[in-house]
Amino acid sequence: MHVIRDDGSLDPTLDPGLSVDQVVALYKAMVRTRVVDDRLEKIQRQGRIAFHVGSLGEEAAIIGAAAALRDRDWIVPCYREVGALLWRGYPLQQYIDHMYGNADDPLRGRQMPDHTFSRAHRYLSVSAPIGTQIPHAVGVAMAAKKRGLDECVGVFFGDGATSSNDFHAAMNFAAVYEAPVLFLCRNNGYAISLPTQRQTATRTLAEKAAAYRIPAARIDGNDVLAVWRAVREGAERAANQGGPTFIELITYRLGGHSTSDDPRVYRSQEETDSWRKLDPLLRLRKHIEQRTAWNDDLDGDWRAVCDAEVKECVRRAEEKPPPELGDMFGDVYAEQPWHLREQQAQCLGGPRASDEEDES
Amino acid sequence: MHVIRDDGSLDPTLDPGLSVDQVVALYKAMVRTRVVDDRLEKIQRQGRIAFHVGSLGEEAAIIGAAAALRDRDWIVPCYREVGALLWRGYPLQQYIDHMYGNADDPLRGRQMPDHTFSRAHRYLSVSAPIGTQIPHAVGVAMAAKKRGLDECVGVFFGDGATSSNDFHAAMNFAAVYEAPVLFLCRNNGYAISLPTQRQTATRTLAEKAAAYRIPAARIDGNDVLAVWRAVREGAERAANQGGPTFIELITYRLGGHSTSDDPRVYRSQEETDSWRKLDPLLRLRKHIEQRTAWNDDLDGDWRAVCDAEVKECVRRAEEKPPPELGDMFGDVYAEQPWHLREQQAQCLGGPRASDEEDES
Amino acid sequence: MTRMNLVQAINSGLRGALQQDETVLLMGEDIGQLGGVFRVTQGLQEEFGADRVLDTPLSETGILGTAIGMALHGLRPVTEIQFADFIYPGFDQLVSEAAKYRYRTAGEFHVPMVVRTPYGGGIRGGQYHSQSPEALFIQTPGLKVVCPSNPYDAKGLLLEAIRDEDPVLFFEPKRVYRAVKMDVPDAPYTVPLGEAKIVRPGEQVTCVAWGAMLYEAFTAAEEVAKRGVDVEVIDLRTLWPLDVDTIVSSVEKTGRIVVVHEAPRTCGFGGELVALVAERAFLRLEAPPVRVTGWDTPFPLTHEHEYLPLAHRIVPALLETARY
Amino acid sequence: MTRMNLVQAINSGLRGALQQDETVLLMGEDIGQLGGVFRVTQGLQEEFGADRVLDTPLSETGILGTAIGMALHGLRPVTEIQFADFIYPGFDQLVSEAAKYRYRTAGEFHVPMVVRTPYGGGIRGGQYHSQSPEALFIQTPGLKVVCPSNPYDAKGLLLEAIRDEDPVLFFEPKRVYRAVKMDVPDAPYTVPLGEAKIVRPGEQVTCVAWGAMLYEAFTAAEEVAKRGVDVEVIDLRTLWPLDVDTIVSSVEKTGRIVVVHEAPRTCGFGGELVALVAERAFLRLEAPPVRVTGWDTPFPLTHEHEYLPLAHRIVPALLETARY
Ligand SMILES: Cc1ncc(C[n+]2csc(CCOP(=O)(O)OP(=O)(O)O)c2C)c(N)n1
Ligand SMILES: Cc1ncc(C[n+]2csc(CCOP(=O)(O)OP(=O)(O)O)c2C)c(N)n1
Ligand SMILES: [Mg+2]
Ligand SMILES: [Mg+2]
């Protein structure tokens, strides 16, 4: 079921009524995310950053959902949703600095690339263990409800995460406490190499919501307006004390799991090619071309703008020094205890690994 | 839906066709379990054993399920199913010795009361953490299947356990690997003090099976023939490569959670009274009274026999010494490593807590 | 001032926190209507409502995971894990998330939560109702670990833990729950984290203990005093961050240390304490450091009093160490 | 004999086990068609079938929990946890079940299973792809813990672990996976558990290490040798049950010990080793025992080479200890 039909027109019965500006903004954000992804993948291959985990092919699911949430709603990310953070206005330079773990990295080089967060953008922190963020989202939603705040929470996770302990606990708690939370399950077909059909015996992931009595929707995650519509509906249910909603966003990971992965080992070129035709950027572009004067030139210009922007950010990021060595010892606790003070002094006063390398 | 109707007759469309001897055997086993429970509760109150967790009111669910499994099938218990173990012929004396943690306790006093097991009776070991046994059952079933053995596995757990990590993982693995396993969920209304309605937002527990694409049945767990029928059906499905089945056995914990609990704090007398009328022993007795010459005298005699048996076991158990002190150091590994050898020697050669008490 | 046992003092602390700070809430299995299996939260749901004293489904992952979320959004959840032995299903949320959230967000987010849990043996609880897993959490940077031994400290440390901006594991010695009574102020007060207490000054041997074993160490010290050995007994109170100075100063004076804990010896906190002392007071040590601990087996039932490092095992350790 | 790196040697060991013993099977995330994220199981599903090399759903609870069940019913599952950092969701099954099953059934049931997992830093893995949680398992009675440093030992220890009747944690130093090559027999062979190896005899300081840090200890020893300090380097290989005699004998000779490990210092295995030595070789110790370890912070990224106890930090520790 599509909101944007194959010919680019909207199904009038489903049209969520976004303005031209709004749909163009969505498209531009999706393209920008894609361009950033491409660039990061390249520089990773050149060994300039350690790692990248991208969202190639999943931009509609991510940005459509982010756009449908209100500014005051929280986003609780998995690790593939930096597009949602950028949509909310997070500075690209800051993201790229983080990718380099340099002195301006908000994480102070303490974590792998793509582990973003921002309180200002109501975006919790990316964590590598699969599923752990899902109960956090429920807790944030419970807190918002207890505090009488009109906020809801959208939590992203993948098909693989539905097998995690945390998914099960979070879904159950959300339903029992009627938490205003949206479970945004990006079913991108794979958990690294494991296809969704072998992750679970169910035919869909949406079926799983029945085990908790949570209403569920199954949506074409490559149709940004279908995503927008479903998420907005869920957000409204949450706002009206209707409790949680589970939304399965059917999409496909067009790239590798991360820059460390080679998907050719476990899936066929034909399969990937067939999904390439369903690229969410293509579907949305067809629509905006119908609705406005978007064309190849404009498209190329925008891509060039985005690429120039990210290249500039990369250039700057590479000029920045690494974080202070002492930064390694901060923020373990609110106040640094004696043992970390001692260890920091010992480390700062001692020899460096780099000295060693110099010697040899 | 009952197999044994309120008047004691059988619904001919559901009658599983058990002989008179078979139903009387079921009844006698259920009564025996009840009598043992009663006696253990009494001696616990007198401080003669540390603890007991009984099955008052749940005998049909437990013994009906055990009886429907074949001898070669495995039972993986929670902690309330000693009735199933006794049904399989486990010596009562051994059970009572275990309750006393004496020298003949098969566990050598290493664990709380009611933590039974028996390889001979294909009954895995009771463990206190809720839910952990459920994936074990799936693993046993997977192993049986891999080894080409015609065995299935029945795993018991409570309503509370459906919230555990292990339940979720086990259900998913069972479905994905089509393991010959029966999930026997005793919904006895409570997880200690938490009523099932607040354990989950679903109306039934059987609904949860849909999340894994496991066929489910919802059964009156106080109707021993309904239990027998459903479990036998599931066992046949498993034997015919039909994979797992989830069976919700609706019953009620007539007693406290354990001898440490006082249920009056969290539930009403009326509620308990109304369930007392649904006591599974009453329903089955009505049936066997119709079918055979069972009467008050026979009933009283059988109870007396059971009580005499358990009293005699208790008497003997109390005469036995505690296990050897050195037993504390065995079976940590297949072979005792140096550090445990040392610690054992140190313990055996050192002073005793009892010496201390003598002194003071 | 009211004469309270440990259960009452903790209950009083929780009540005070709930009264003082509306962001405080309690979560756990059976803590509401039942008041907890040890009755520590008795009456609190009635007083503060099911909205602030939550009976949760049976999931430690759910309790700890949602509590982290609440802590991230302005609340101060005080969770109860029914027995320390049952913390493991939620272990990942504690060590991967609560402990690391501040670090990986450079302080932008943090997790002010408390995990209360009864620990330890001596109540005929066998393998799964007796464990002392404190070392697992001490090894995890980002967590604090507290273990009071008496009602006064328990209330004060608990209130301080609730005010603390970091996740605190609060281990309650269940063997002491009803065994010790003392005068406790009715109003809220705090006892600072990170300060050990010398409960018996002495000159010849330093004996470090906490929780339920503090009493055994004390009893043993009194016992050996009769035989002319003067032991300094230290109640750690906060296990981590440790009050290392109090221990090291004591050992610098006595030259001897005996550490007592219920957990198995190997890789228990005792090893760390011995190592710290060996590193910091090496030249002052006059006898080998000694650990009197649970044995390296699962926790047994029948012989639990031979498993636990009770006074009968501490006494010879103190005597041998003093006479070395 | 083939020249193999660590990945190839483990792969060869797994292949040998699958060939020799039909009760052996492998389970884990992405270990089948992909051959594991580090390619350790490459080709094994193709060779032995999806029935013996199982790609599992994303659940460590499920992997470890069902593996226990299989082990209880006659199989010898060899599980892979993709990174040691992800063992925590399955922690409960290991410490509450695998570790205690034999004890609580007095040997009637037991759990012969292996948990393979890459551990450690140095591959730019940050907080969640670098941890060294061995101490958590060493503290759990009933588990064995192995950590090879080189291809030959890895294959032999793995085959021994698979034959072992108890659950074995098998930590693979991922930093070494492709960094070291040596001749390894193609046929199966075993290296016994519980035996450390003196990889560099020396007279003045004992240096204990394992896994990836063994190389750093060795490099540091060679470095200080140039400055006239003669270090004995011990590769533990099995962490628990420990080969305590080799360590204590060495310290009785040298009077000095430096322990090196990647895990945070506090409550790491180093504390236990220092305590054991302080207890057992007290009168022979001529210098304070020293731990060179990861710092007590979560594992960082950019400065991971300053976090790890690499040779540059071991060298001064050896020199100071020798000159104390
Ligand atoms: C607890 C845990 N186990 C294993 C991993 C390793 N791992 C990282 S991503 C991943 C697959 C996740 O798949 P999915 O949830 O579908 O998300 P996707 O990457 O497809 O967006 C795995 C197994 C992990 N990060 N955490
Ligand atoms: C992981 C874990 N958490 C908490 C407990 C404490 N506990 C023991 S029994 C129980 C309730 C179990 O309820 P249910 O699964 O319905 O089984 P029932 O006792 O009703 O048969 C709880 C919470 C435990 N044993 N394990
Ligand atoms: Mg996926
Ligand atoms: Mg129940």
# chains A, B, ... in the order shown; residues from 1 in each chain; ligands from 1
call {"tool": "residues_around", "arguments": {"residues": "Val168 (chain D)", "least_positions_apart": "3", "cutoff": "8 Å", "atoms": "only C-alpha atoms", "output": "ChimeraX atom specification"}}
result
/D:112-115,143-146,161,164
call {"tool": "write_last_selection", "arguments": {"atoms": "C-alpha atoms", "output": "PDB file, in the first residue's frame"}}
result
ATOM      1  CA  PRO D 112      30.238 -29.532  28.242  1.00  0.00           C
ATOM      2  CA  MET D 113      30.132 -26.443  26.098  1.00  0.00           C
ATOM      3  CA  VAL D 114      32.567 -23.872  24.796  1.00  0.00           C
ATOM      4  CA  VAL D 115      31.948 -20.159  24.430  1.00  0.00           C
ATOM      5  CA  LEU D 143      33.493 -21.971  34.681  1.00  0.00           C
ATOM      6  CA  LYS D 144      36.900 -22.422  33.111  1.00  0.00           C
ATOM      7  CA  VAL D 145      38.560 -19.570  31.296  1.00  0.00           C
ATOM      8  CA  VAL D 146      41.115 -19.951  28.534  1.00  0.00           C
ATOM      9  CA  ALA D 161      38.245 -27.140  25.724  1.00  0.00           C
ATOM     10  CA  ASP D 164      36.443 -30.810  28.491  1.00  0.00           C
TER      11      ASP D 164
END
call {"tool": "closest_atom_pairs", "arguments": {"of": "chain C", "to": "chain A", "cutoff": "10 Å", "atoms": "only C-alpha atoms", "output": "CSV"}}
result
residue,atom,partner,partner_atom,distance
C:Glu22,CA,A:Arg147,CA,9.6
C:Thr23,CA,A:Arg147,CA,8.5
C:Asp51,CA,A:Lys146,CA,7.8
C:Arg52,CA,A:Lys146,CA,8.9
C:Leu54,CA,A:Tyr177,CA,9.7
C:Thr56,CA,A:Phe173,CA,8.0
C:Pro57,CA,A:Phe173,CA,7.4
C:Leu58,CA,A:Ala169,CA,9.1
C:Ser59,CA,A:Ala169,CA,6.5
C:Glu60,CA,A:Ala169,CA,8.5
C:Thr61,CA,A:Ala169,CA,6.3
C:Gly62,CA,A:Ala169,CA,4.8
C:Ile63,CA,A:Ala169,CA,8.5
C:Leu64,CA,A:Pro135,CA,8.4
C:Gly65,CA,A:Pro135,CA,4.9
C:Thr66,CA,A:Gly139,CA,3.9
C:Ala67,CA,A:Gly139,CA,5.9
C:Ile68,CA,A:His136,CA,5.9
C:Gly69,CA,A:His136,CA,3.8
C:Met70,CA,A:Gly139,CA,4.6
C:Ala71,CA,A:Val140,CA,7.9
C:Leu72,CA,A:Val140,CA,6.9
C:His73,CA,A:Val140,CA,5.6
C:Gly74,CA,A:Ala143,CA,7.4
C:Leu75,CA,A:Ala143,CA,6.7
C:Arg76,CA,A:Ala143,CA,9.9
C:Pro77,CA,A:Ala143,CA,9.9
C:Pro89,CA,A:Asn165,CA,8.8
C:Gly90,CA,A:Asn165,CA,9.3
C:Asp92,CA,A:Thr132,CA,8.1
C:Gln93,CA,A:Thr132,CA,6.8
C:Ser96,CA,A:Pro129,CA,7.6
C:Glu97,CA,A:Thr132,CA,7.5
C:Ala99,CA,A:Val332,CA,8.0
C:Lys100,CA,A:Val332,CA,7.4
C:Tyr101,CA,A:Ser125,CA,7.8
C:Arg102,CA,A:Asp331,CA,5.8
C:Tyr103,CA,A:Asp331,CA,4.8
C:Arg104,CA,A:Leu107,CA,6.0
C:Thr105,CA,A:Leu107,CA,5.6
C:Ala106,CA,A:Leu107,CA,5.4
C:Gly107,CA,A:Asp331,CA,5.7
C:Glu108,CA,A:Arg119,CA,6.7
C:Phe109,CA,A:Arg119,CA,7.5
C:His110,CA,A:Ala334,CA,8.5
C:Pro141,CA,A:Val332,CA,6.7
C:Gly142,CA,A:Val332,CA,5.0
C:Leu143,CA,A:Tyr333,CA,8.0
C:Lys144,CA,A:Tyr333,CA,8.8
C:Asp164,CA,A:Ala334,CA,8.7
C:Glu165,CA,A:Ala334,CA,6.4
C:Asp166,CA,A:Tyr333,CA,6.3
C:Pro167,CA,A:Tyr333,CA,9.0
C:Gly194,CA,A:Pro337,CA,9.2
C:Trp240,CA,A:Pro337,CA,9.5
C:Pro241,CA,A:Pro337,CA,6.6
C:Leu242,CA,A:His339,CA,8.6
C:Asp243,CA,A:Trp338,CA,9.1
C:Val244,CA,A:Trp338,CA,8.9
call {"tool": "residues_near_ligand", "arguments": {"ligand": "ligand 3", "cutoff": "9 Å", "atoms": "only C-alpha atoms and all ligand atoms", "output": "PyMOL selection string"}}
result
chain A and resi 157-161+185-192+194-196+252-253+257
call {"tool": "interface_residues", "arguments": {"of": "chain A", "to": "chain B", "cutoff": "9 Å", "atoms": "only C-alpha atoms", "output": "PyMOL selection string"}}
result
chain A and resi 163-166+168-169+172-173+175-177+197-203+205-214
call {"tool": "write_last_selection", "arguments": {"atoms": "N, CA and C atoms", "output": "compact mmCIF listing (two decimals), in the first residue's frame"}}
result
# COMPACT_ATOMS: atom_id res chain seq x y z
N SER A 163 14.73 -9.90 18.25
CA SER A 163 15.08 -11.12 18.99
C SER A 163 15.73 -10.82 20.33
N SER A 164 16.01 -9.57 20.60
CA SER A 164 16.77 -9.24 21.82
C SER A 164 15.90 -9.31 23.07
N ASN A 165 16.56 -9.52 24.19
CA ASN A 165 15.89 -9.45 25.48
C ASN A 165 15.16 -8.13 25.64
N ASP A 166 15.85 -7.07 25.26
CA ASP A 166 15.38 -5.73 25.53
C ASP A 166 14.10 -5.40 24.78
N HIS A 168 11.74 -7.47 24.03
CA HIS A 168 10.65 -8.16 24.72
C HIS A 168 10.24 -7.39 25.99
N ALA A 169 11.22 -7.04 26.77
CA ALA A 169 10.93 -6.32 28.02
C ALA A 169 10.30 -4.96 27.72
N ASN A 172 6.68 -5.14 26.50
CA ASN A 172 5.78 -5.49 27.59
C ASN A 172 5.56 -4.32 28.55
N PHE A 173 6.63 -3.68 28.94
CA PHE A 173 6.51 -2.54 29.86
C PHE A 173 5.70 -1.40 29.20
N ALA A 175 3.37 -1.56 27.04
CA ALA A 175 1.94 -1.87 27.00
C ALA A 175 1.35 -1.83 28.41
N VAL A 176 2.04 -2.40 29.37
CA VAL A 176 1.52 -2.44 30.73
C VAL A 176 1.36 -1.02 31.30
N TYR A 177 2.32 -0.16 31.02
CA TYR A 177 2.27 1.20 31.56
C TYR A 177 1.73 2.23 30.57
N GLN A 197 13.85 -13.65 7.36
CA GLN A 197 13.08 -14.91 7.36
C GLN A 197 13.70 -15.96 8.26
N ARG A 198 14.99 -15.79 8.60
CA ARG A 198 15.59 -16.77 9.50
C ARG A 198 15.81 -16.18 10.89
N GLN A 199 15.50 -14.92 11.04
CA GLN A 199 15.55 -14.27 12.36
C GLN A 199 14.35 -14.73 13.19
N THR A 200 13.27 -15.00 12.51
CA THR A 200 12.02 -15.35 13.18
C THR A 200 11.20 -16.22 12.24
N ALA A 201 10.30 -16.99 12.81
CA ALA A 201 9.43 -17.82 11.97
C ALA A 201 8.18 -17.08 11.53
N THR A 202 7.94 -15.89 12.07
CA THR A 202 6.73 -15.17 11.65
C THR A 202 6.95 -14.61 10.25
N ARG A 203 5.83 -14.36 9.58
CA ARG A 203 5.93 -13.82 8.21
C ARG A 203 6.22 -12.34 8.23
N LEU A 205 7.07 -8.80 10.99
CA LEU A 205 7.49 -8.42 12.33
C LEU A 205 6.34 -7.76 13.08
N ALA A 206 5.43 -7.17 12.33
CA ALA A 206 4.29 -6.49 12.95
C ALA A 206 3.49 -7.48 13.81
N GLU A 207 3.45 -8.74 13.38
CA GLU A 207 2.72 -9.76 14.16
C GLU A 207 3.19 -9.82 15.60
N LYS A 208 4.44 -9.49 15.83
CA LYS A 208 4.98 -9.63 17.17
C LYS A 208 4.30 -8.71 18.18
N ALA A 209 3.76 -7.64 17.70
CA ALA A 209 3.14 -6.67 18.60
C ALA A 209 1.93 -7.25 19.33
N ALA A 210 1.30 -8.25 18.70
CA ALA A 210 0.12 -8.86 19.31
C ALA A 210 0.46 -9.50 20.66
N ALA A 211 1.67 -9.94 20.81
CA ALA A 211 2.07 -10.61 22.05
C ALA A 211 2.05 -9.66 23.24
N TYR A 212 1.93 -8.37 22.96
CA TYR A 212 1.97 -7.38 24.03
C TYR A 212 0.69 -6.53 24.03
N ARG A 213 -0.18 -6.84 23.07
CA ARG A 213 -1.39 -6.03 22.85
C ARG A 213 -1.04 -4.59 22.50
N ILE A 214 -0.12 -4.47 21.58
CA ILE A 214 0.25 -3.15 21.07
C ILE A 214 -0.24 -3.07 19.63
call {"tool": "residues_around", "arguments": {"residues": "Thr245 (chain A)", "least_positions_apart": "4", "cutoff": "7 Å", "atoms": "only C-alpha atoms", "output": "ChimeraX atom specification"}}
result
/A:181-183,214-216,234
call {"tool": "write_last_selection", "arguments": {"atoms": "N, CA and C atoms", "output": "short mmCIF file (atom, residue, chain, number, x, y, z; two decimals), in the first residue's frame"}}
result
data_model
loop_
_atom_site.label_atom_id
_atom_site.label_comp_id
_atom_site.auth_asym_id
_atom_site.auth_seq_id
_atom_site.Cartn_x
_atom_site.Cartn_y
_atom_site.Cartn_z
N VAL A 181 5.03 5.73 23.35
CA VAL A 181 6.26 5.40 22.62
C VAL A 181 5.91 4.74 21.30
N LEU A 182 6.71 5.05 20.28
CA LEU A 182 6.55 4.44 18.97
C LEU A 182 7.73 3.52 18.71
N PHE A 183 7.43 2.27 18.47
CA PHE A 183 8.49 1.32 18.14
C PHE A 183 8.68 1.33 16.63
N ILE A 214 -0.12 -4.47 21.58
CA ILE A 214 0.25 -3.15 21.07
C ILE A 214 -0.24 -3.07 19.63
N PRO A 215 -0.95 -2.01 19.28
CA PRO A 215 -1.40 -1.89 17.89
C PRO A 215 -0.20 -1.78 16.95
N ALA A 216 -0.33 -2.38 15.78
CA ALA A 216 0.81 -2.44 14.87
C ALA A 216 0.40 -2.03 13.47
N GLY A 234 0.67 7.32 14.90
CA GLY A 234 1.13 6.74 16.16
C GLY A 234 1.40 7.82 17.19
#
call {"tool": "decode", "arguments": {"residues": "region 156-177 of chain D", "atoms": "N, CA, C and O atoms", "output": "PDB file, in the first residue's frame"}}
result
ATOM      1  N   GLY D 156      45.248 -26.101  19.919  1.00  0.00           N
ATOM      2  CA  GLY D 156      45.345 -27.187  20.898  1.00  0.00           C
ATOM      3  C   GLY D 156      44.471 -26.960  22.120  1.00  0.00           C
ATOM      4  O   GLY D 156      43.831 -27.888  22.624  1.00  0.00           O
ATOM      5  N   LEU D 157      44.444 -25.747  22.589  1.00  0.00           N
ATOM      6  CA  LEU D 157      43.598 -25.439  23.752  1.00  0.00           C
ATOM      7  C   LEU D 157      42.119 -25.527  23.388  1.00  0.00           C
ATOM      8  O   LEU D 157      41.294 -25.990  24.177  1.00  0.00           O
ATOM      9  N   LEU D 158      41.794 -25.090  22.181  1.00  0.00           N
ATOM     10  CA  LEU D 158      40.389 -25.154  21.763  1.00  0.00           C
ATOM     11  C   LEU D 158      39.925 -26.609  21.717  1.00  0.00           C
ATOM     12  O   LEU D 158      38.845 -26.946  22.211  1.00  0.00           O
ATOM     13  N   LEU D 159      40.735 -27.467  21.139  1.00  0.00           N
ATOM     14  CA  LEU D 159      40.326 -28.872  21.055  1.00  0.00           C
ATOM     15  C   LEU D 159      40.216 -29.486  22.449  1.00  0.00           C
ATOM     16  O   LEU D 159      39.321 -30.292  22.706  1.00  0.00           O
ATOM     17  N   GLU D 160      41.096 -29.085  23.335  1.00  0.00           N
ATOM     18  CA  GLU D 160      41.000 -29.571  24.711  1.00  0.00           C
ATOM     19  C   GLU D 160      39.744 -29.012  25.383  1.00  0.00           C
ATOM     20  O   GLU D 160      39.053 -29.730  26.107  1.00  0.00           O
ATOM     21  N   ALA D 161      39.447 -27.755  25.136  1.00  0.00           N
ATOM     22  CA  ALA D 161      38.245 -27.140  25.724  1.00  0.00           C
ATOM     23  C   ALA D 161      36.986 -27.848  25.235  1.00  0.00           C
ATOM     24  O   ALA D 161      36.040 -28.062  25.993  1.00  0.00           O
ATOM     25  N   ILE D 162      36.977 -28.217  23.977  1.00  0.00           N
ATOM     26  CA  ILE D 162      35.798 -28.906  23.423  1.00  0.00           C
ATOM     27  C   ILE D 162      35.641 -30.284  24.061  1.00  0.00           C
ATOM     28  O   ILE D 162      34.536 -30.740  24.314  1.00  0.00           O
ATOM     29  N   ARG D 163      36.775 -30.932  24.361  1.00  0.00           N
ATOM     30  CA  ARG D 163      36.698 -32.248  25.016  1.00  0.00           C
ATOM     31  C   ARG D 163      36.413 -32.147  26.502  1.00  0.00           C
ATOM     32  O   ARG D 163      36.068 -33.143  27.137  1.00  0.00           O
ATOM     33  N   ASP D 164      36.614 -30.974  27.055  1.00  0.00           N
ATOM     34  CA  ASP D 164      36.443 -30.810  28.491  1.00  0.00           C
ATOM     35  C   ASP D 164      34.981 -31.039  28.874  1.00  0.00           C
ATOM     36  O   ASP D 164      34.070 -30.740  28.108  1.00  0.00           O
ATOM     37  N   GLU D 165      34.768 -31.565  30.059  1.00  0.00           N
ATOM     38  CA  GLU D 165      33.406 -31.883  30.489  1.00  0.00           C
ATOM     39  C   GLU D 165      32.708 -30.691  31.141  1.00  0.00           C
ATOM     40  O   GLU D 165      31.564 -30.801  31.571  1.00  0.00           O
ATOM     41  N   ASP D 166      33.382 -29.567  31.235  1.00  0.00           N
ATOM     42  CA  ASP D 166      32.794 -28.395  31.883  1.00  0.00           C
ATOM     43  C   ASP D 166      32.727 -27.213  30.916  1.00  0.00           C
ATOM     44  O   ASP D 166      33.429 -27.201  29.908  1.00  0.00           O
ATOM     45  N   PRO D 167      31.903 -26.235  31.248  1.00  0.00           N
ATOM     46  CA  PRO D 167      31.813 -25.071  30.359  1.00  0.00           C
ATOM     47  C   PRO D 167      33.111 -24.268  30.353  1.00  0.00           C
ATOM     48  O   PRO D 167      33.665 -23.968  31.408  1.00  0.00           O
ATOM     49  N   VAL D 168      33.562 -23.940  29.183  1.00  0.00           N
ATOM     50  CA  VAL D 168      34.831 -23.213  29.029  1.00  0.00           C
ATOM     51  C   VAL D 168      34.588 -21.934  28.238  1.00  0.00           C
ATOM     52  O   VAL D 168      34.019 -21.972  27.148  1.00  0.00           O
ATOM     53  N   LEU D 169      35.022 -20.825  28.812  1.00  0.00           N
ATOM     54  CA  LEU D 169      35.057 -19.559  28.083  1.00  0.00           C
ATOM     55  C   LEU D 169      36.374 -19.487  27.344  1.00  0.00           C
ATOM     56  O   LEU D 169      37.435 -19.616  27.982  1.00  0.00           O
ATOM     57  N   PHE D 170      36.333 -19.250  26.072  1.00  0.00           N
ATOM     58  CA  PHE D 170      37.540 -19.266  25.248  1.00  0.00           C
ATOM     59  C   PHE D 170      37.699 -17.885  24.628  1.00  0.00           C
ATOM     60  O   PHE D 170      37.028 -17.543  23.649  1.00  0.00           O
ATOM     61  N   PHE D 171      38.556 -17.082  25.240  1.00  0.00           N
ATOM     62  CA  PHE D 171      38.735 -15.706  24.794  1.00  0.00           C
ATOM     63  C   PHE D 171      39.816 -15.631  23.716  1.00  0.00           C
ATOM     64  O   PHE D 171      40.958 -16.025  23.955  1.00  0.00           O
ATOM     65  N   GLU D 172      39.440 -15.111  22.568  1.00  0.00           N
ATOM     66  CA  GLU D 172      40.380 -15.024  21.440  1.00  0.00           C
ATOM     67  C   GLU D 172      40.853 -13.582  21.289  1.00  0.00           C
ATOM     68  O   GLU D 172      40.042 -12.677  21.105  1.00  0.00           O
ATOM     69  N   PRO D 173      42.168 -13.368  21.340  1.00  0.00           N
ATOM     70  CA  PRO D 173      42.690 -11.995  21.234  1.00  0.00           C
ATOM     71  C   PRO D 173      42.559 -11.496  19.797  1.00  0.00           C
ATOM     72  O   PRO D 173      43.384 -11.817  18.938  1.00  0.00           O
ATOM     73  N   LYS D 174      41.542 -10.683  19.555  1.00  0.00           N
ATOM     74  CA  LYS D 174      41.263 -10.322  18.169  1.00  0.00           C
ATOM     75  C   LYS D 174      42.378  -9.477  17.557  1.00  0.00           C
ATOM     76  O   LYS D 174      42.583  -9.507  16.353  1.00  0.00           O
ATOM     77  N   ARG D 175      43.118  -8.784  18.411  1.00  0.00           N
ATOM     78  CA  ARG D 175      44.242  -7.997  17.902  1.00  0.00           C
ATOM     79  C   ARG D 175      45.319  -8.901  17.310  1.00  0.00           C
ATOM     80  O   ARG D 175      46.130  -8.458  16.479  1.00  0.00           O
ATOM     81  N   VAL D 176      45.341 -10.156  17.732  1.00  0.00           N
ATOM     82  CA  VAL D 176      46.361 -11.096  17.257  1.00  0.00           C
ATOM     83  C   VAL D 176      45.858 -11.905  16.059  1.00  0.00           C
ATOM     84  O   VAL D 176      46.627 -12.568  15.379  1.00  0.00           O
ATOM     85  N   TYR D 177      44.543 -11.841  15.797  1.00  0.00           N
ATOM     86  CA  TYR D 177      43.921 -12.743  14.812  1.00  0.00           C
ATOM     87  C   TYR D 177      44.778 -12.958  13.542  1.00  0.00           C
ATOM     88  O   TYR D 177      44.987 -14.072  13.105  1.00  0.00           O
TER      89      TYR D 177
END
